[in-house]
Each structure stands twice: as C-alpha cells, then as structure tokens.
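For reference, target_14.cif is printed below; it contains mmCIF, C-alpha atoms.
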```
data_data
loop_
_atom_site.label_atom_id
_atom_site.label_comp_id
_atom_site.auth_asym_id
_atom_site.auth_seq_id
_atom_site.Cartn_x
_atom_site.Cartn_y
_atom_site.Cartn_z
CA MET A 1 128.29 -69.82 -67.39
CA LEU A 2 127.62 -70.72 -63.75
CA THR A 3 129.96 -69.21 -61.19
CA ILE A 4 131.00 -70.90 -57.96
CA LEU A 5 131.81 -68.07 -55.57
CA ASP A 6 134.20 -69.17 -52.84
CA PRO A 7 133.99 -66.16 -50.48
CA ILE A 8 137.39 -66.67 -48.87
CA LYS A 9 141.00 -66.05 -49.75
CA GLY A 10 142.78 -68.96 -51.40
CA GLU A 11 143.29 -69.65 -55.08
CA GLU A 12 144.15 -73.27 -54.26
CA PHE A 13 140.46 -73.91 -53.63
CA GLU A 14 139.64 -73.29 -57.28
CA LYS A 15 141.28 -76.55 -58.33
CA ILE A 16 139.74 -78.49 -55.43
CA VAL A 17 136.22 -77.29 -56.23
CA LYS A 18 136.57 -77.94 -59.95
CA GLU A 19 137.90 -81.46 -59.47
CA TYR A 20 135.16 -82.27 -56.97
CA LEU A 21 132.23 -81.13 -59.12
CA LYS A 22 133.71 -82.56 -62.32
CA LYS A 23 133.49 -86.04 -60.75
CA TYR A 24 129.72 -85.74 -60.91
CA PHE A 25 129.28 -83.45 -63.92
CA PRO A 26 132.31 -84.07 -66.16
CA LYS A 27 130.91 -82.20 -69.16
CA ASP A 28 129.84 -79.05 -67.29
CA GLU A 29 131.58 -75.75 -67.85
CA PHE A 30 131.69 -73.41 -64.88
CA ARG A 31 134.14 -71.05 -63.23
CA VAL A 32 135.33 -70.70 -59.64
CA ILE A 33 136.06 -67.28 -58.15
CA THR A 34 137.87 -66.75 -54.87
CA LEU A 35 138.65 -63.48 -53.09
CA LYS A 36 142.09 -61.93 -53.32
CA ASP A 37 141.91 -60.37 -49.87
CA GLY A 38 138.99 -62.06 -48.14
CA PRO A 39 139.00 -63.94 -44.82
CA LYS A 40 140.83 -67.25 -44.63
CA THR A 41 137.69 -69.00 -43.38
CA ILE A 42 134.18 -67.95 -42.38
CA GLU A 43 133.51 -69.02 -38.81
CA ASN A 44 131.70 -66.06 -37.25
CA PHE A 45 129.56 -63.04 -38.10
CA THR A 46 132.60 -60.79 -38.48
CA ASP A 47 134.16 -63.12 -41.08
CA LYS A 48 130.81 -63.23 -42.87
CA THR A 49 130.53 -59.43 -42.97
CA LEU A 50 134.13 -58.98 -44.12
CA ALA A 51 133.64 -61.53 -46.89
CA CYS A 52 130.51 -59.77 -48.09
CA SER A 53 132.25 -56.41 -48.19
CA LYS A 54 134.88 -57.93 -50.50
CA VAL A 55 132.30 -59.71 -52.65
CA LEU A 56 130.41 -56.47 -53.28
CA LYS A 57 133.58 -55.01 -54.79
CA ILE A 58 133.60 -57.62 -57.57
CA LEU A 59 130.00 -57.25 -58.76
CA ASP A 60 131.16 -56.40 -62.28
CA GLU A 61 133.04 -59.70 -62.42
CA LEU A 62 129.97 -61.61 -61.27
CA LYS A 63 127.16 -59.99 -63.22
CA ASN A 64 127.84 -61.81 -66.49
CA SER A 65 127.32 -65.22 -64.88
CA SER A 66 124.28 -67.36 -65.65
CA ALA A 67 123.89 -67.96 -61.92
CA ILE A 68 125.97 -67.88 -58.76
CA VAL A 69 126.50 -70.62 -56.18
CA ILE A 70 127.87 -69.33 -52.88
CA ASP A 71 130.34 -71.98 -51.70
CA CYS A 72 129.80 -71.49 -47.96
CA PHE A 73 127.09 -72.84 -45.67
CA ALA A 74 126.89 -69.46 -43.89
CA ASP A 75 125.64 -67.91 -47.16
CA PRO A 76 127.64 -64.66 -46.91
CA CYS A 77 126.25 -61.90 -49.13
CA LEU A 78 123.33 -64.03 -50.31
CA PHE A 79 120.67 -61.34 -50.02
CA GLU A 80 123.03 -58.53 -51.03
CA LEU A 81 123.93 -60.32 -54.28
CA ARG A 82 120.27 -60.95 -55.05
CA GLU A 83 119.62 -57.27 -54.45
CA ASN A 84 122.41 -56.09 -56.75
CA LEU A 85 122.36 -58.65 -59.58
CA ASP A 86 119.77 -59.75 -62.12
CA ILE A 87 120.76 -63.42 -62.04
CA PRO A 88 119.73 -66.22 -59.67
CA VAL A 89 121.94 -66.63 -56.60
CA PHE A 90 121.92 -69.90 -54.68
CA GLY A 91 123.30 -70.08 -51.13
CA ALA A 92 124.71 -73.42 -50.02
CA GLY A 93 123.08 -73.23 -46.60
CA GLU A 94 119.63 -72.10 -47.73
CA THR A 95 119.42 -74.45 -50.71
CA THR A 96 120.60 -77.53 -48.83
CA MET A 97 118.28 -76.94 -45.88
CA HIS A 98 115.31 -76.66 -48.22
CA ILE A 99 116.25 -79.84 -50.10
CA ALA A 100 116.68 -81.61 -46.74
CA ALA A 101 113.26 -80.36 -45.61
CA MET A 102 111.75 -81.83 -48.78
CA LEU A 103 113.24 -85.22 -47.89
CA GLY A 104 112.07 -85.25 -44.28
CA GLU A 105 113.26 -83.90 -40.94
CA PHE A 106 116.96 -83.18 -40.79
CA SER A 107 119.97 -82.67 -38.56
CA VAL A 108 122.94 -80.41 -39.26
CA ILE A 109 126.53 -81.37 -38.45
CA GLY A 110 129.33 -78.83 -38.40
CA PRO A 111 132.22 -77.07 -36.67
CA GLY A 112 132.42 -74.19 -34.23
CA ASP A 113 131.23 -73.24 -30.75
CA ASN A 114 128.61 -71.00 -32.37
CA LEU A 115 127.22 -73.73 -34.63
CA ILE A 116 124.07 -74.48 -32.68
CA SER A 117 122.84 -70.92 -32.33
CA TRP A 118 123.92 -69.96 -35.85
CA THR A 119 122.18 -72.94 -37.44
CA ARG A 120 118.97 -72.25 -35.51
CA ILE A 121 119.06 -68.65 -36.75
CA GLN A 122 119.52 -69.84 -40.35
CA ALA A 123 116.73 -72.41 -40.08
CA ARG A 124 114.32 -69.77 -38.74
CA GLU A 125 115.35 -67.28 -41.41
CA TYR A 126 114.89 -69.84 -44.19
CA GLY A 127 111.52 -71.08 -42.88
CA VAL A 128 112.58 -74.68 -42.13
CA PHE A 129 113.00 -74.52 -38.37
CA ASP A 130 110.14 -76.98 -37.77
CA LYS A 131 112.02 -79.59 -39.81
CA LEU A 132 115.28 -79.22 -37.84
CA VAL A 133 115.64 -82.23 -35.52
CA SER A 134 119.04 -81.53 -34.00
CA ILE A 135 122.44 -79.90 -34.47
CA ARG A 136 125.58 -81.91 -33.81
CA ARG A 137 128.90 -80.13 -33.38
CA ILE A 138 132.27 -81.69 -34.17
CA LYS A 139 135.43 -80.58 -32.39
CA PHE A 140 137.25 -79.47 -35.55
CA SER A 141 137.41 -75.96 -36.99
CA VAL A 142 136.71 -75.11 -40.64
CA GLU A 143 140.45 -74.94 -41.23
CA ASP A 144 140.83 -78.40 -39.67
CA ILE A 145 138.14 -79.76 -41.97
CA LEU A 146 140.02 -78.58 -45.04
CA GLU A 147 143.07 -80.57 -43.91
CA ASN A 148 141.05 -83.79 -44.31
CA SER A 149 142.42 -86.09 -41.58
CA SER A 150 141.28 -89.63 -40.79
CA GLU A 151 140.29 -88.39 -37.34
CA LEU A 152 137.99 -85.85 -38.98
CA TYR A 153 136.26 -88.61 -40.94
CA GLU A 154 135.66 -90.76 -37.89
CA GLU A 155 134.43 -87.81 -35.82
CA THR A 156 132.04 -86.74 -38.56
CA LYS A 157 130.72 -90.26 -39.05
CA LYS A 158 129.99 -90.51 -35.32
CA ALA A 159 128.17 -87.20 -35.48
CA CYS A 160 126.08 -88.55 -38.36
CA GLU A 161 125.22 -91.61 -36.30
CA ARG A 162 124.18 -89.45 -33.34
CA ALA A 163 122.00 -87.37 -35.67
CA ILE A 164 120.31 -90.54 -36.92
CA GLU A 165 119.72 -91.57 -33.30
CA ASP A 166 118.09 -88.16 -32.81
CA GLY A 167 115.56 -89.18 -35.43
CA ALA A 168 116.90 -87.37 -38.50
CA ASP A 169 115.62 -88.57 -41.85
CA VAL A 170 118.41 -86.60 -43.54
CA VAL A 171 121.84 -85.45 -42.39
CA VAL A 172 123.14 -82.09 -43.63
CA LEU A 173 126.87 -81.36 -43.53
CA GLY A 174 126.99 -77.76 -42.30
CA CYS A 175 130.18 -76.68 -44.09
CA THR A 176 131.15 -76.94 -47.74
CA GLY A 177 134.63 -77.91 -46.59
CA PHE A 178 133.20 -81.35 -45.86
CA SER A 179 133.40 -82.00 -49.60
CA VAL A 180 136.87 -83.49 -48.92
CA ILE A 181 135.25 -86.46 -47.12
CA ALA A 182 131.67 -86.36 -48.38
CA GLU A 183 131.82 -89.02 -51.09
CA ASN A 184 132.89 -91.87 -48.83
CA LEU A 185 130.80 -90.62 -45.93
CA ARG A 186 127.60 -90.50 -47.99
CA LYS A 187 128.15 -94.02 -49.25
CA GLU A 188 129.01 -95.47 -45.85
CA ILE A 189 126.10 -93.87 -44.00
CA TRP A 190 123.67 -94.89 -46.74
CA ASP A 191 124.96 -98.49 -46.84
CA GLU A 192 124.70 -98.85 -43.05
CA TYR A 193 121.62 -96.77 -42.21
CA LYS A 194 119.81 -95.93 -45.49
CA VAL A 195 119.89 -92.25 -44.50
CA PRO A 196 120.99 -89.63 -47.07
CA VAL A 197 123.83 -87.23 -46.27
CA LEU A 198 123.72 -83.91 -48.12
CA GLU A 199 126.98 -82.11 -48.86
CA PRO A 200 126.00 -78.47 -49.47
CA LEU A 201 128.23 -77.54 -52.42
CA LEU A 202 127.26 -80.51 -54.56
CA THR A 203 123.61 -80.21 -53.55
CA THR A 204 123.44 -76.51 -54.34
CA TYR A 205 125.34 -76.75 -57.61
CA SER A 206 122.99 -79.55 -58.69
CA VAL A 207 119.97 -77.35 -57.99
CA ALA A 208 121.52 -74.29 -59.63
CA ARG A 209 122.42 -76.07 -62.89
CA SER A 210 118.87 -77.40 -63.11
CA LEU A 211 117.01 -74.17 -62.39
CA PHE A 212 119.12 -71.22 -63.52
CA ASN A 213 117.42 -71.08 -66.92
CA ILE A 214 113.89 -70.90 -65.52
CA VAL A 215 114.03 -68.91 -62.27
CA LYS A 216 114.99 -65.38 -61.27
CA HIS A 217 114.72 -63.38 -58.09
CA GLY A 218 112.01 -60.74 -58.23
CA LYS A 219 112.91 -57.05 -58.20
CA LYS A 220 109.90 -55.94 -56.22
CA GLY A 221 109.47 -56.56 -52.51
CA LEU A 222 112.40 -58.15 -50.69
CA PHE A 223 115.12 -57.57 -53.30
CA SER A 224 113.90 -54.23 -54.67
CA GLY A 225 116.32 -52.15 -52.63
CA ARG A 226 118.62 -51.20 -55.54
#
```
Would you mind writing the structure in this file as structure tokens?
Amino acid sequence: MLTILDPIKGEEFEKIVKEYLKKYFPKDEFRVITLKDGPKTIENFTDKTLACSKVLKILDELKNSSAIVIDCFADPCLFELRENLDIPVFGAGETTMHIAAMLGEFSVIGPGDNLISWTRIQAREYGVFDKLVSIRRIKFSVEDILENSSELYEETKKACERAIEDGADVVVLGCTGFSVIAENLRKEIWDEYKVPVLEPLLTTYSVARSLFNIVKHGKKGLFSGR
C-alpha cells in the first residue's frame, strides 16, 4: 500500500488528503500518516530538520509501504528515507519540478520570505535550475494557505498570471497546502491561458502510483550510507 507521509502535526490533515486524492483516484487504497509531535508547518530549515528527526523515529511504521509520497514541497527527509528504506520515496518538490521540466520551462509560486532562495537551492539540487523561469511569492504563510480564503485564491491566481507573463510554460504551486484551491485554479488558468498548473501532492501521487512497482532507489553510491 502507498503511504502519504504528511511530515507535520495534525491528524485532521489525514481526512483532507484522502478526500482530495479520492476525487481523482476513487478506487485507490492508500494510507496517510501524520506526526504526533512534529512541527505545525514547515516554513524554514529548522522546521524541516525537526520534521525529519521525527520521521526517522517511525521507520518501522513506514517500511512496509509499497512506496512513500512526502506531502511537502520542501521534501523533508527525502534522502534520509531513501537511505534507510528499501522502497521508492517520492518527494513532492523534486517530483513536481521534474515533471514541470518535462513540460517546458516553469515558474514556482509559494509562500514565505525565504521562498526565492529556497526554491533556487532546490532547483539546483534537483538538476532543473536551467528550466526555472521565475519564482513568485504570495503574501500568505503556509498556515494561511490551509485556511483557504477567497483572498488567497485571488492572490495565487494573480501570481500565476505574473508567472505566465515571465514566460513560464508551466506553473508549479510550491506548497502542497495549495491543494485546497488547486482544482478550480488549474481549470481557470488553463481555460484562460492554456498553461498547466501543477499541484505537487496530486502530481507526485500520480507518479508514485504509476512507478512504484517498477523502480527502486539503488543501494550503492548516493544512498548506500546505511
């Protein structure tokens, strides 16, 4: 069974994630795991490190999965999980950036004062920096995004439009919390501009369910540490 790992504290997100993915894959069986004492959100390197330290304590709970999808664009514990487990692990940030790069040149939209630098670091690390056109920051925090206000929708749509003006062939939503507005946003941007908008959780889950039976991470080289 595939596992959606939500690396933050909050059991309420289990229901939200399940309902969201079931809209697109109603017959799929998967489980959602959240952290009992993890950070409330992941918005900086400290949050990311704290989340990973908690995730590493539940390896036994994770190892019987068919694959793991990390439900966070920051990809906390991505490499550590690959190093410790013998199952494929898909990070929402890495996977979505690579899919976007396959579709053309892309822009990333997201929250936080550190978004621009952080996204550039990720793009370099994942080998897609040359495909990154621009990074557009919205004024909301991750916590604000989860509250799903009409103001959030309008702000995010404007950011998408600015990204398209920058020359993006694809717009990437740089936080899985955007799933609360993604369905309408994708449709509206496509209808008006014919530009795809990738929401990272749905994108990554779609890739994981297609590939988990045929790919594994190697245990020599990069992930041979344990």
Residue IDs satisfying the PyMOL selection byres ((chain A and resi 87) around 9), as a tab-separated table (two decimals) with C-alpha atoms, in the frame of the given file:
```
chain	number	residue	atom	x	y	z
A	63	LYS	CA	127.16	-59.99	-63.22
A	64	ASN	CA	127.84	-61.81	-66.49
A	65	SER	CA	127.32	-65.22	-64.88
A	66	SER	CA	124.28	-67.36	-65.65
A	67	ALA	CA	123.89	-67.96	-61.92
A	68	ILE	CA	125.97	-67.88	-58.76
A	81	LEU	CA	123.93	-60.32	-54.28
A	82	ARG	CA	120.27	-60.95	-55.05
A	85	LEU	CA	122.36	-58.65	-59.58
A	86	ASP	CA	119.77	-59.75	-62.12
A	88	PRO	CA	119.73	-66.22	-59.67
A	89	VAL	CA	121.94	-66.63	-56.60
A	212	PHE	CA	119.12	-71.22	-63.52
A	215	VAL	CA	114.03	-68.91	-62.27
A	216	LYS	CA	114.99	-65.38	-61.27
A	217	HIS	CA	114.72	-63.38	-58.09
```
Which residues of stretch 128-218 of chain A come within 10 Å of stretch 98-102 of chain A, and what is each one's closest atom pair and distance in Å (one decimal), counting all atoms listed in the file, sorted by chain and residue number, as JSON lines?
```
{"residue": "A:Val128", "atom": "CA", "partner": "A:Ala101", "partner_atom": "CA", "distance": 6.7}
{"residue": "A:Phe129", "atom": "CA", "partner": "A:Ala101", "partner_atom": "CA", "distance": 9.3}
{"residue": "A:Asp130", "atom": "CA", "partner": "A:Ala101", "partner_atom": "CA", "distance": 9.1}
{"residue": "A:Lys131", "atom": "CA", "partner": "A:Ala101", "partner_atom": "CA", "distance": 6.0}
{"residue": "A:Leu132", "atom": "CA", "partner": "A:Ala101", "partner_atom": "CA", "distance": 8.1}
{"residue": "A:Asp169", "atom": "CA", "partner": "A:Ala100", "partner_atom": "CA", "distance": 8.6}
{"residue": "A:Val170", "atom": "CA", "partner": "A:Ala100", "partner_atom": "CA", "distance": 6.2}
{"residue": "A:Val171", "atom": "CA", "partner": "A:Ala100", "partner_atom": "CA", "distance": 7.8}
{"residue": "A:Val172", "atom": "CA", "partner": "A:Ala100", "partner_atom": "CA", "distance": 7.2}
{"residue": "A:Pro196", "atom": "CA", "partner": "A:Ala100", "partner_atom": "CA", "distance": 9.1}
{"residue": "A:Val197", "atom": "CA", "partner": "A:Ala100", "partner_atom": "CA", "distance": 9.1}
{"residue": "A:Leu198", "atom": "CA", "partner": "A:Ala100", "partner_atom": "CA", "distance": 7.5}
{"residue": "A:Pro200", "atom": "CA", "partner": "A:Ile99", "partner_atom": "CA", "distance": 9.9}
{"residue": "A:Thr203", "atom": "CA", "partner": "A:Ile99", "partner_atom": "CA", "distance": 8.1}
{"residue": "A:Thr204", "atom": "CA", "partner": "A:Ile99", "partner_atom": "CA", "distance": 9.0}
{"residue": "A:Val207", "atom": "CA", "partner": "A:Ile99", "partner_atom": "CA", "distance": 9.1}
```
Checklist line | Selected residue of minimal separation from A:Ile8 among A:Asp144, A:Asp47, A:Glu192, A:Glu29, counting only C-alpha atoms | finding: A:Asp47
Please put the answer as lines of an AutoDock Vina configuration file: centre and edge lengths, in Å with one decimal, of a box along x, y and z that encloses all listed atoms of stretch 148-161 of chain A plus 8 Å on each side.
```
center_x = 133.8
center_y = -87.7
center_z = -39.8
size_x = 33.2
size_y = 23.8
size_z = 25.0
```
Next item on the list: Decode the PyMOL selection byres ((chain A and resi 104-117) around 9) for the given file into explicit residues and return them as JSON, numbers by chain.
Entry: {"A": [43, 44, 97, 99, 100, 101, 102, 103, 118, 119, 120, 121, 122, 130, 131, 132, 133, 134, 135, 136, 137, 138, 139, 140, 141, 142, 145, 156, 159, 160, 163, 164, 166, 167, 168, 169, 170, 171, 172, 173, 174, 175, 178]}
Next item on the list: Given the file shown, determine the residues that the PyMOL selection byres ((chain A and resi 74) around 8) selects; report them as a ChimeraX atom specification.
Entry: /A:42,48,72-73,75-76,92-93,175
Could you take the residues named above and write them with C-alpha atoms, as a short mmCIF file (atom, residue, chain, number, x, y, z; two decimals), keeping the file's coordinate frame?
```
data_model
loop_
_atom_site.label_atom_id
_atom_site.label_comp_id
_atom_site.auth_asym_id
_atom_site.auth_seq_id
_atom_site.Cartn_x
_atom_site.Cartn_y
_atom_site.Cartn_z
CA ILE A 42 134.18 -67.95 -42.38
CA LYS A 48 130.81 -63.23 -42.87
CA CYS A 72 129.80 -71.49 -47.96
CA PHE A 73 127.09 -72.84 -45.67
CA ASP A 75 125.64 -67.91 -47.16
CA PRO A 76 127.64 -64.66 -46.91
CA ALA A 92 124.71 -73.42 -50.02
CA GLY A 93 123.08 -73.23 -46.60
CA CYS A 175 130.18 -76.68 -44.09
#
```
Notebook entry, point to check: atom CA of A:Arg186 and atom CA of A:Ile70, how far apart in Å?
Noted result: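 Between atom CA of A:Ile70 and atom CA of A:Arg186 the gap works out to 21.7 Å.
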Check: Quick one: distance from atom CA of A:Ile181 to atom CA of A:Glu151 in Å, one decimal?
Finding: 11.2 Å
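Minimum atom-to-atom distances from A:Ala208, A:Asn84, A:Ile33, A:Ser179 to A:Glu19 were compared using only C-alpha atoms, and the lowest value belongs to A:Ser179.
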Notebook entry, point to check: Which distance in Å separates atom CA of A:Leu62 and atom CA of A:Ser210, to one decimal?
Noted result: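 A separation of 19.4 Å between them.
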Notebook entry, point to check: Pick from A:Glu183, A:Ile16, A:Leu59, A:Thr3: nearest to A:Val32, with all atoms listed in the file counted?
Noted result: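 The answer is A:Thr3, which sits nearest to A:Val32.
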Check: Leaving out A:Pro7 and any residue of its chain fewer than 5 positions from it, which residues lie within 6 Å of it when counting only C-alpha atoms, given as an MDAnalysis selection string?
Finding: chainID A and resid 34:35 51
